[in-house]
$ cat protein.txt   # compact mmCIF, C-alpha atoms and all ligand atoms
# COMPACT_ATOMS: atom_id res chain seq x y z
CA MET B 6 -9.45 -23.67 -24.93
CA SER B 7 -9.45 -24.02 -21.21
CA LYS B 8 -8.00 -21.27 -19.08
CA THR B 9 -4.98 -21.70 -16.84
CA LEU B 10 -4.72 -20.58 -13.25
CA SER B 11 -1.26 -19.91 -11.81
CA VAL B 12 -0.64 -19.98 -8.07
CA VAL B 13 2.54 -18.37 -6.78
CA LEU B 14 3.95 -19.07 -3.30
CA PRO B 15 7.07 -17.44 -1.86
CA CYS B 16 8.70 -19.82 0.63
CA PHE B 17 11.38 -18.98 3.16
CA ASN B 18 12.34 -21.67 5.68
CA GLU B 19 8.91 -23.29 5.51
CA ALA B 20 10.11 -26.90 5.93
CA GLU B 21 7.67 -27.54 8.78
CA VAL B 22 4.61 -26.62 6.79
CA ILE B 23 5.39 -26.97 3.08
CA GLY B 24 4.24 -30.58 2.77
CA LYS B 25 0.89 -29.80 4.34
CA THR B 26 0.50 -26.66 2.22
CA PHE B 27 1.23 -28.62 -0.94
CA GLU B 28 -1.32 -31.29 -0.10
CA ARG B 29 -4.14 -28.88 0.77
CA LEU B 30 -3.41 -26.61 -2.15
CA VAL B 31 -3.34 -29.43 -4.70
CA SER B 32 -6.58 -30.93 -3.43
CA ALA B 33 -8.27 -27.50 -3.51
CA LEU B 34 -6.95 -26.75 -6.99
CA GLU B 35 -7.96 -30.15 -8.38
CA LYS B 36 -11.51 -29.38 -7.30
CA VAL B 37 -11.42 -25.93 -8.88
CA ALA B 38 -9.93 -27.39 -12.07
CA LEU B 39 -12.67 -30.01 -12.37
CA SER B 40 -15.62 -27.77 -11.60
CA GLU B 41 -14.47 -24.73 -13.61
CA GLY B 42 -12.73 -26.60 -16.44
CA LEU B 43 -9.31 -25.06 -15.72
CA LYS B 44 -5.70 -26.19 -15.78
CA TYR B 45 -3.33 -24.92 -13.12
CA GLN B 46 0.33 -24.11 -12.61
CA LEU B 47 1.94 -24.01 -9.19
CA VAL B 48 4.98 -21.77 -8.84
CA PHE B 49 7.01 -22.25 -5.68
CA VAL B 50 9.71 -19.67 -5.08
CA ASN B 51 12.41 -20.79 -2.68
CA ASP B 52 13.66 -17.52 -1.21
CA GLY B 53 17.09 -18.69 -0.04
CA SER B 54 15.79 -21.12 2.59
CA LYS B 55 18.39 -22.58 4.93
CA ASP B 56 16.30 -25.65 5.83
CA SER B 57 14.96 -28.55 3.77
CA THR B 58 12.26 -26.49 2.00
CA LEU B 59 13.85 -26.81 -1.45
CA ALA B 60 14.56 -30.54 -1.15
CA GLN B 61 10.99 -31.14 -0.03
CA LEU B 62 9.64 -29.08 -2.92
CA HIS B 63 11.58 -31.19 -5.43
CA ALA B 64 10.23 -34.38 -3.86
CA LEU B 65 6.66 -33.03 -3.84
CA ALA B 66 6.92 -31.96 -7.48
CA LYS B 67 7.88 -35.51 -8.41
CA SER B 68 5.13 -37.09 -6.32
CA GLY B 69 2.61 -36.74 -9.14
CA THR B 70 -0.41 -36.25 -6.89
CA PHE B 71 -1.72 -33.57 -9.23
CA GLN B 72 -3.67 -34.47 -12.35
CA ASN B 73 -4.70 -31.19 -13.89
CA GLY B 74 -1.65 -29.07 -13.17
CA VAL B 75 2.09 -28.64 -13.36
CA VAL B 76 4.52 -27.68 -10.62
CA ASP B 77 7.37 -25.23 -11.21
CA ILE B 78 10.09 -24.45 -8.71
CA ILE B 79 12.27 -21.36 -8.77
CA SER B 80 15.11 -21.05 -6.33
CA LEU B 81 16.65 -17.63 -5.71
CA SER B 82 20.39 -17.31 -5.12
CA ARG B 83 19.84 -15.98 -1.59
CA ASN B 84 17.11 -14.54 0.60
CA PHE B 85 15.62 -11.48 -1.13
CA GLY B 86 12.56 -11.01 1.05
CA HIS B 87 8.86 -11.72 0.55
CA GLN B 88 8.05 -8.92 -1.91
CA LEU B 89 10.92 -9.70 -4.28
CA ALA B 90 10.41 -13.46 -4.03
CA LEU B 91 6.78 -12.93 -5.00
CA THR B 92 7.81 -10.60 -7.83
CA ALA B 93 10.17 -13.30 -9.15
CA GLY B 94 7.45 -15.95 -8.98
CA LEU B 95 4.94 -13.74 -10.77
CA ARG B 96 7.35 -13.37 -13.71
CA PHE B 97 7.20 -17.16 -14.15
CA ALA B 98 3.42 -17.40 -13.99
CA ILE B 99 1.92 -18.37 -17.35
CA GLY B 100 -1.75 -18.38 -16.32
CA ASP B 101 -4.69 -16.29 -17.50
CA GLY B 102 -5.51 -15.75 -13.85
CA ILE B 103 -2.75 -15.56 -11.27
CA ILE B 104 -3.02 -16.06 -7.53
CA SER B 105 -0.43 -15.07 -4.95
CA ILE B 106 -0.73 -16.77 -1.60
CA ASP B 107 1.46 -17.32 1.49
CA ALA B 108 3.04 -20.71 2.01
CA ASP B 109 2.12 -21.05 5.70
CA LEU B 110 -1.60 -21.88 5.25
CA GLN B 111 -2.69 -18.62 6.90
CA ASP B 112 -4.60 -18.00 3.69
CA PRO B 113 -6.83 -21.08 3.30
CA PRO B 114 -6.48 -22.57 -0.22
CA GLU B 115 -10.18 -23.54 -0.18
CA VAL B 116 -11.05 -19.84 -0.56
CA ILE B 117 -9.45 -19.82 -4.00
CA HIS B 118 -12.54 -21.34 -5.59
CA GLU B 119 -14.75 -18.36 -4.82
CA MET B 120 -12.03 -15.94 -5.94
CA VAL B 121 -11.77 -17.81 -9.25
CA ARG B 122 -15.53 -17.53 -9.75
CA LEU B 123 -15.35 -13.78 -9.24
CA TRP B 124 -12.50 -13.56 -11.73
CA LEU B 125 -14.38 -15.66 -14.31
CA GLY B 126 -17.30 -13.31 -13.72
CA GLY B 127 -15.20 -10.41 -15.01
CA ALA B 128 -13.07 -9.07 -12.15
CA ASP B 129 -9.49 -8.04 -12.89
CA VAL B 130 -8.31 -8.24 -9.31
CA VAL B 131 -9.91 -10.10 -6.43
CA TYR B 132 -8.11 -9.14 -3.24
CA ALA B 133 -8.68 -11.07 -0.07
CA VAL B 134 -9.67 -8.98 2.94
CA ARG B 135 -9.04 -10.42 6.40
CA LYS B 136 -12.05 -10.55 8.68
CA GLU B 137 -10.57 -12.55 11.54
CA ARG B 138 -6.88 -12.73 12.32
CA PRO B 139 -6.37 -15.27 15.09
CA GLY B 140 -2.87 -16.02 16.34
CA GLU B 141 -1.52 -12.55 15.63
CA THR B 142 -0.23 -10.45 18.48
CA ALA B 143 -2.12 -7.37 19.66
CA PHE B 144 1.04 -5.42 18.84
CA LYS B 145 1.02 -6.58 15.21
CA LEU B 146 -2.69 -5.79 14.81
CA TRP B 147 -2.24 -2.35 16.38
CA THR B 148 0.82 -1.39 14.32
CA ALA B 149 -0.86 -2.69 11.17
CA SER B 150 -3.98 -0.60 11.77
CA LEU B 151 -1.89 2.50 12.55
CA PHE B 152 0.14 1.93 9.43
CA TYR B 153 -2.88 1.67 7.12
CA LYS B 154 -4.47 4.76 8.64
CA ALA B 155 -1.34 6.82 8.05
CA LEU B 156 -0.94 5.36 4.58
CA SER B 157 -4.44 6.31 3.50
CA ARG B 158 -3.93 9.81 4.87
CA PHE B 159 -0.64 10.48 3.12
CA THR B 160 -1.00 8.71 -0.21
CA GLU B 161 -3.19 9.30 -3.22
CA THR B 162 -3.52 5.64 -4.17
CA ASP B 163 -6.37 3.90 -2.39
CA ILE B 164 -4.63 1.06 -0.60
CA PRO B 165 -7.20 -1.24 1.01
CA LYS B 166 -6.60 -2.03 4.65
CA ASN B 167 -6.63 -5.53 6.13
CA THR B 168 -5.28 -6.99 2.93
CA GLY B 169 -2.04 -8.82 2.39
CA ASP B 170 -0.64 -10.38 -0.70
CA PHE B 171 -3.38 -12.97 -1.08
CA ARG B 172 -5.06 -11.99 -4.32
CA LEU B 173 -6.05 -13.08 -7.78
CA MET B 174 -5.22 -10.96 -10.80
CA SER B 175 -5.96 -11.14 -14.46
CA ARG B 176 -3.32 -11.52 -17.14
CA ARG B 177 -3.52 -7.88 -18.20
CA VAL B 178 -2.95 -6.66 -14.65
CA LEU B 179 0.00 -9.02 -14.21
CA ASP B 180 1.52 -7.94 -17.54
CA ILE B 181 1.46 -4.33 -16.37
CA PHE B 182 2.84 -5.30 -12.98
CA ASN B 183 5.65 -7.32 -14.57
CA ALA B 184 6.59 -4.34 -16.72
CA MET B 185 7.09 -2.10 -13.67
CA PRO B 186 10.81 -1.66 -13.05
CA GLU B 187 10.58 -0.38 -9.44
CA ARG B 188 13.16 -1.81 -7.09
CA HIS B 189 11.46 -1.15 -3.76
CA ARG B 190 8.21 -2.93 -4.29
CA PHE B 191 5.20 -2.56 -2.05
CA ILE B 192 3.02 -4.94 -4.02
CA ARG B 193 -0.21 -4.29 -2.13
CA GLY B 194 0.12 -0.65 -3.22
CA LEU B 195 1.20 -1.27 -6.81
CA ILE B 196 -1.77 -3.49 -7.68
CA PRO B 197 -4.47 -1.02 -6.51
CA TRP B 198 -2.50 1.69 -8.34
CA ILE B 199 -2.97 -0.26 -11.61
CA GLY B 200 -6.75 -0.03 -11.33
CA PHE B 201 -9.36 -1.77 -13.54
CA LYS B 202 -12.10 -3.77 -11.87
CA GLN B 203 -10.82 -4.65 -8.40
CA ILE B 204 -13.11 -6.34 -5.92
CA PRO B 205 -12.62 -7.38 -2.31
CA TYR B 206 -13.34 -10.87 -1.04
CA GLU B 207 -13.68 -11.31 2.73
CA TYR B 208 -12.24 -14.36 4.45
CA ASP B 209 -11.14 -15.50 7.88
CA ARG B 210 -7.41 -15.67 8.18
CA ASP B 211 -6.09 -18.75 9.96
CA GLU B 212 -3.16 -19.10 12.26
CA ARG B 213 0.14 -20.14 10.79
CA ALA B 214 -0.05 -23.96 10.46
CA ALA B 215 3.53 -24.48 11.70
CA GLY B 216 6.84 -22.64 12.03
CA GLU B 217 7.13 -19.00 12.97
CA THR B 218 6.63 -15.66 11.27
CA LYS B 219 9.33 -14.52 8.86
CA TYR B 220 8.24 -10.93 9.38
CA PRO B 221 9.91 -9.70 12.54
CA PHE B 222 9.45 -6.03 13.48
CA LYS B 223 12.53 -4.95 11.51
CA ARG B 224 11.09 -6.31 8.26
CA MET B 225 7.68 -4.82 8.95
CA LEU B 226 9.33 -1.46 9.42
CA LYS B 227 11.17 -1.82 6.13
CA LEU B 228 7.92 -2.68 4.35
CA ALA B 229 6.25 0.35 5.92
CA ILE B 230 9.09 2.64 4.81
CA ASP B 231 8.94 1.19 1.28
CA ALA B 232 5.20 1.83 1.24
CA PHE B 233 5.51 5.45 2.29
CA THR B 234 8.46 6.36 0.16
CA SER B 235 7.07 4.77 -3.00
CA PHE B 236 3.57 6.19 -2.67
CA SER B 237 3.98 9.50 -0.89
CA HIS B 238 6.05 12.66 -1.15
CA VAL B 239 4.99 13.81 2.29
CA PRO B 240 8.35 13.01 3.93
CA LEU B 241 10.07 15.16 1.28
CA LYS B 242 7.62 17.98 1.78
CA ILE B 243 8.24 18.18 5.52
CA ALA B 244 11.24 20.52 5.09
CA TYR B 245 9.17 22.72 2.82
CA TYR B 246 6.26 23.15 5.20
CA THR B 247 8.45 23.55 8.28
CA GLY B 248 10.51 26.10 6.35
CA LEU B 249 7.40 27.99 5.35
CA THR B 250 6.00 28.01 8.89
CA PHE B 251 9.32 29.12 10.36
CA ALA B 252 9.73 31.80 7.72
CA LEU B 253 6.37 33.31 8.67
CA LEU B 254 7.05 33.06 12.39
CA SER B 255 10.52 34.54 12.09
CA PHE B 256 9.19 37.39 9.99
CA VAL B 257 6.92 38.36 12.86
CA PHE B 258 9.65 37.80 15.43
CA ALA B 259 12.21 39.79 13.42
CA GLY B 260 9.69 42.65 13.32
CA TRP B 261 9.51 42.56 17.08
CA VAL B 262 13.31 42.50 17.35
CA VAL B 263 13.53 45.62 15.17
CA VAL B 264 10.85 47.36 17.22
CA SER B 265 12.53 46.53 20.52
CA HIS B 266 15.88 47.71 19.13
CA PHE B 267 14.85 51.04 17.65
CA LEU B 268 11.84 52.03 19.72
CA LEU B 269 12.16 50.36 23.09
CA HIS B 270 15.97 50.41 23.22
CA SER B 271 15.68 47.36 25.46
CA THR B 272 18.23 45.09 23.78
CA VAL B 273 21.81 44.14 24.50
CA PRO B 274 24.10 45.43 21.70
CA GLY B 275 24.53 42.82 18.96
CA TRP B 276 21.51 40.75 19.94
CA SER B 277 19.11 42.22 17.36
CA SER B 278 21.33 41.79 14.33
CA LEU B 279 22.28 38.28 15.46
CA MET B 280 18.67 37.23 15.99
CA VAL B 281 17.53 38.56 12.63
CA ALA B 282 20.41 36.85 10.83
CA VAL B 283 19.77 33.49 12.55
CA LEU B 284 16.04 33.61 11.88
CA VAL B 285 16.28 34.64 8.26
CA LEU B 286 19.09 32.24 7.38
CA GLY B 287 17.52 29.34 9.29
CA SER B 288 14.18 29.54 7.58
CA LEU B 289 15.81 30.25 4.22
CA ASN B 290 17.81 27.04 4.60
CA LEU B 291 14.71 24.98 5.24
CA LEU B 292 12.83 26.63 2.40
CA VAL B 293 15.59 25.93 -0.09
CA LEU B 294 15.81 22.34 1.15
CA GLY B 295 12.06 22.07 0.64
CA ILE B 296 12.35 23.31 -2.92
CA HIS B 297 15.03 20.70 -3.55
CA GLY B 298 12.65 18.14 -2.06
CA GLU B 299 9.99 19.07 -4.61
CA TYR B 300 12.44 18.53 -7.46
CA ILE B 301 13.80 15.30 -6.00
CA GLY B 302 10.21 14.06 -5.66
CA ARG B 303 9.67 14.71 -9.33
CA ILE B 304 12.94 13.01 -10.31
CA TYR B 305 11.89 10.06 -8.16
CA ASP B 306 8.50 9.83 -9.83
CA GLN B 307 10.11 9.90 -13.24
CA SER B 308 12.68 7.27 -12.30
CA LYS B 309 10.03 4.89 -10.99
CA GLY B 310 9.04 4.43 -14.61
CA ARG B 311 5.38 3.73 -13.92
CA PRO B 312 3.14 4.20 -16.95
CA ILE B 313 1.51 7.63 -16.84
CA TYR B 314 -1.92 6.23 -17.70
CA LEU B 315 -3.49 2.87 -18.49
CA VAL B 316 -6.30 2.21 -20.95
CA ASP B 317 -9.15 -0.09 -19.96
CA PHE B 318 -10.63 -0.50 -23.44
CA GLU B 319 -10.45 1.33 -26.72
CA ALA B 320 -13.63 2.99 -27.92
CA SER B 321 -12.81 2.35 -31.59
CA ARG B 322 -12.91 -1.41 -30.97
CA ILE B 323 -16.43 -1.17 -29.62
CA HIS B 324 -17.60 0.36 -32.89
CA GLU B 325 -15.83 -2.36 -34.80
CA LEU B 326 -17.47 -5.21 -32.93
CA PRO B 327 -20.74 -5.38 -34.91
CA HIS B 328 -18.76 -5.68 -38.16
CA LEU B 329 -16.73 -8.51 -36.78
CA LYS B 330 -19.71 -10.60 -35.93
N1 LIG B 401 8.68 -15.11 2.93
C1 LIG B 401 9.66 -15.13 1.93
N2 LIG B 401 10.83 -14.49 2.17
C2 LIG B 401 11.09 -13.83 3.34
C3 LIG B 401 10.07 -13.78 4.32
C4 LIG B 401 8.87 -14.43 4.08
O1 LIG B 401 9.46 -15.71 0.89
O2 LIG B 401 12.19 -13.28 3.46
C5 LIG B 401 7.40 -15.82 2.69
C6 LIG B 401 7.01 -16.82 3.75
O3 LIG B 401 7.58 -18.08 3.50
C7 LIG B 401 5.50 -16.82 3.63
C8 LIG B 401 5.18 -15.40 3.23
O4 LIG B 401 6.37 -14.86 2.70
O5 LIG B 401 5.06 -17.70 2.61
C9 LIG B 401 4.66 -14.57 4.38
O6 LIG B 401 5.56 -14.62 5.47
P1 LIG B 401 5.07 -14.86 6.97
O7 LIG B 401 3.97 -15.86 7.00
O8 LIG B 401 6.25 -15.17 7.79
O9 LIG B 401 4.53 -13.42 7.33
P2 LIG B 401 3.29 -13.08 8.32
O10 LIG B 401 2.12 -13.90 7.85
O11 LIG B 401 3.75 -13.47 9.67
O12 LIG B 401 3.09 -11.61 8.14
MG MG B 402 2.12 -15.87 7.66
$ encode --input "protein.txt" --output "structure tokens" --more "lines below"
Ligand code: UDP
Ligand code: MG
Amino acid sequence: MSKTLSVVLPCFNEAEVIGKTFERLVSALEKVALSEGLKYQLVFVNDGSKDSTLAQLHALAKSGTFQNGVVDIISLSRNFGHQLALTAGLRFAIGDGIISIDADLQDPPEVIHEMVRLWLGGADVVYAVRKERPGETAFKLWTASLFYKALSRFTETDIPKNTGDFRLMSRRVLDIFNAMPERHRFIRGLIPWIGFKQIPYEYDRDERAAGETKYPFKRMLKLAIDAFTSFSHVPLKIAYYTGLTFALLSFVFAGWVVVSHFLLHSTVPGWSSLMVAVLVLGSLNLLVLGIHGEYIGRIYDQSKGRPIYLVDFEASRIHELPHLK
């Protein structure tokens, strides 16, 4: 039986570009379908667009320019943001291999063919890595590079830099992803966290074909905060480490206060006892906060509900294989 490839596109106010995207995507996918013997499913997610995106999608779906595929449209009740729109679309994907791609033609659909070949060759995840990024501001490139540096320093999951949400994943990876109940989703962290055979595929990222970015600074900041808080406990540990450092420092300082009070007699009355009390209580406060942070971190981990391990293959099955033949 031939395999099916699903392609999921979140769309928010993409009226200016959606027709072009549809055309290029369908012609690329028809080629892939013919040469690899695949069927395909297109899943467009309308993320609460205020323009004619949805109406255009309905018209395009009826146009029948696609021979080897079907077109599904999901329309969310309001704008939920890129990561959640993509999550919604991925739940509707029925394919054996599933691609997520932006709707603005920054990720060229022609690249899909090579990604599909890598998947058919046994990869579980093929993630597209950006070589060139024309049309993006120096500010965006700089903040992005800073962000990925900090992320790799403070998190245990290896999150590849220069990647976005243009990737292909196998059914088993998507099934695990779909089963993750996390609300704040940083998808480009969750997929590497899942593991299995993940390989990069380098491509040149194009400029947006039309329209403007739906990721203003405020949204980028939100994504960055989601990334840090869902993959790192460092922010929670800050109180702990500051508390510990201050406790040590104030211990030394309190010693000096005692010495200057009893031996040097160089203090104003009341100063010594006040200083010691402030130092000890201050650092104790931070330490206790830090301990709470450790527990909250653990509660948070538990409540994220991620599986605690994932099995690649079962050894017993390997022994069984010769008998099955
Ligand atoms: N997008 C979305 N909902 C949003 C914002 C963006 O579905 O609230 C979609 C958008 O239509 C596009 C993709 O997410 O297909 C990436 O957005 P954009 O191209 O604006 O981001 P950039 O490439 O500038 O980072
Ligand atoms: Mg874009």
$ residues_near_ligand --input "protein.txt" --ligand "ligand LIG 401 (chain B)" --cutoff "7 Å" --atoms "all atoms listed in the file" --output "MDAnalysis selection string"
chainID B and resid 14:19 51:52 84:87 90 107:109 111 213 217:220
$ closest_residue --input "protein.txt" --among "B:Leu65, B:Val76, B:Leu34, B:Leu146" --to "Glu115 (chain B)" --atoms "only C-alpha atoms"
B:Leu34
$ atom_distance --input "protein.txt" --atom1 "CA of Tyr245 (chain B)" --atom2 "CA of Leu291 (chain B)"
6.5 Å
$ closest_residue --input "protein.txt" --among "B:Leu279, B:Leu268, B:Ala38, B:Val131" --to "Leu10 (chain B)" --atoms "only C-alpha atoms"
B:Ala38
$ atom_distance --input "protein.txt" --atom1 "CA of Asp209 (chain B)" --atom2 "CA of Glu28 (chain B)"
20.2 Å
$ residues_around --input "protein.txt" --residues "region 194-198 of chain B" --least-positions-apart "6" --cutoff "9 Å" --atoms "only C-alpha atoms" --output "PDB file with C-alpha atoms, in the frame of the given file"
ATOM      1  CA  VAL B 130      -8.310  -8.240  -9.310  1.00  0.00           C
ATOM      2  CA  THR B 162      -3.520   5.640  -4.170  1.00  0.00           C
ATOM      3  CA  ASP B 163      -6.370   3.900  -2.390  1.00  0.00           C
ATOM      4  CA  ILE B 164      -4.630   1.060  -0.600  1.00  0.00           C
ATOM      5  CA  PRO B 165      -7.200  -1.240   1.010  1.00  0.00           C
ATOM      6  CA  MET B 174      -5.220 -10.960 -10.800  1.00  0.00           C
ATOM      7  CA  VAL B 178      -2.950  -6.660 -14.650  1.00  0.00           C
ATOM      8  CA  LEU B 179       0.000  -9.020 -14.210  1.00  0.00           C
ATOM      9  CA  PHE B 182       2.840  -5.300 -12.980  1.00  0.00           C
ATOM     10  CA  ALA B 232       5.200   1.830   1.240  1.00  0.00           C
ATOM     11  CA  SER B 235       7.070   4.770  -3.000  1.00  0.00           C
ATOM     12  CA  PHE B 236       3.570   6.190  -2.670  1.00  0.00           C
TER      13      PHE B 236
END
$ closest_residue --input "protein.txt" --among "B:Ile301, B:Lys36, B:Ala244, B:Lys223" --to "Leu289 (chain B)" --atoms "only C-alpha atoms"
B:Ala244
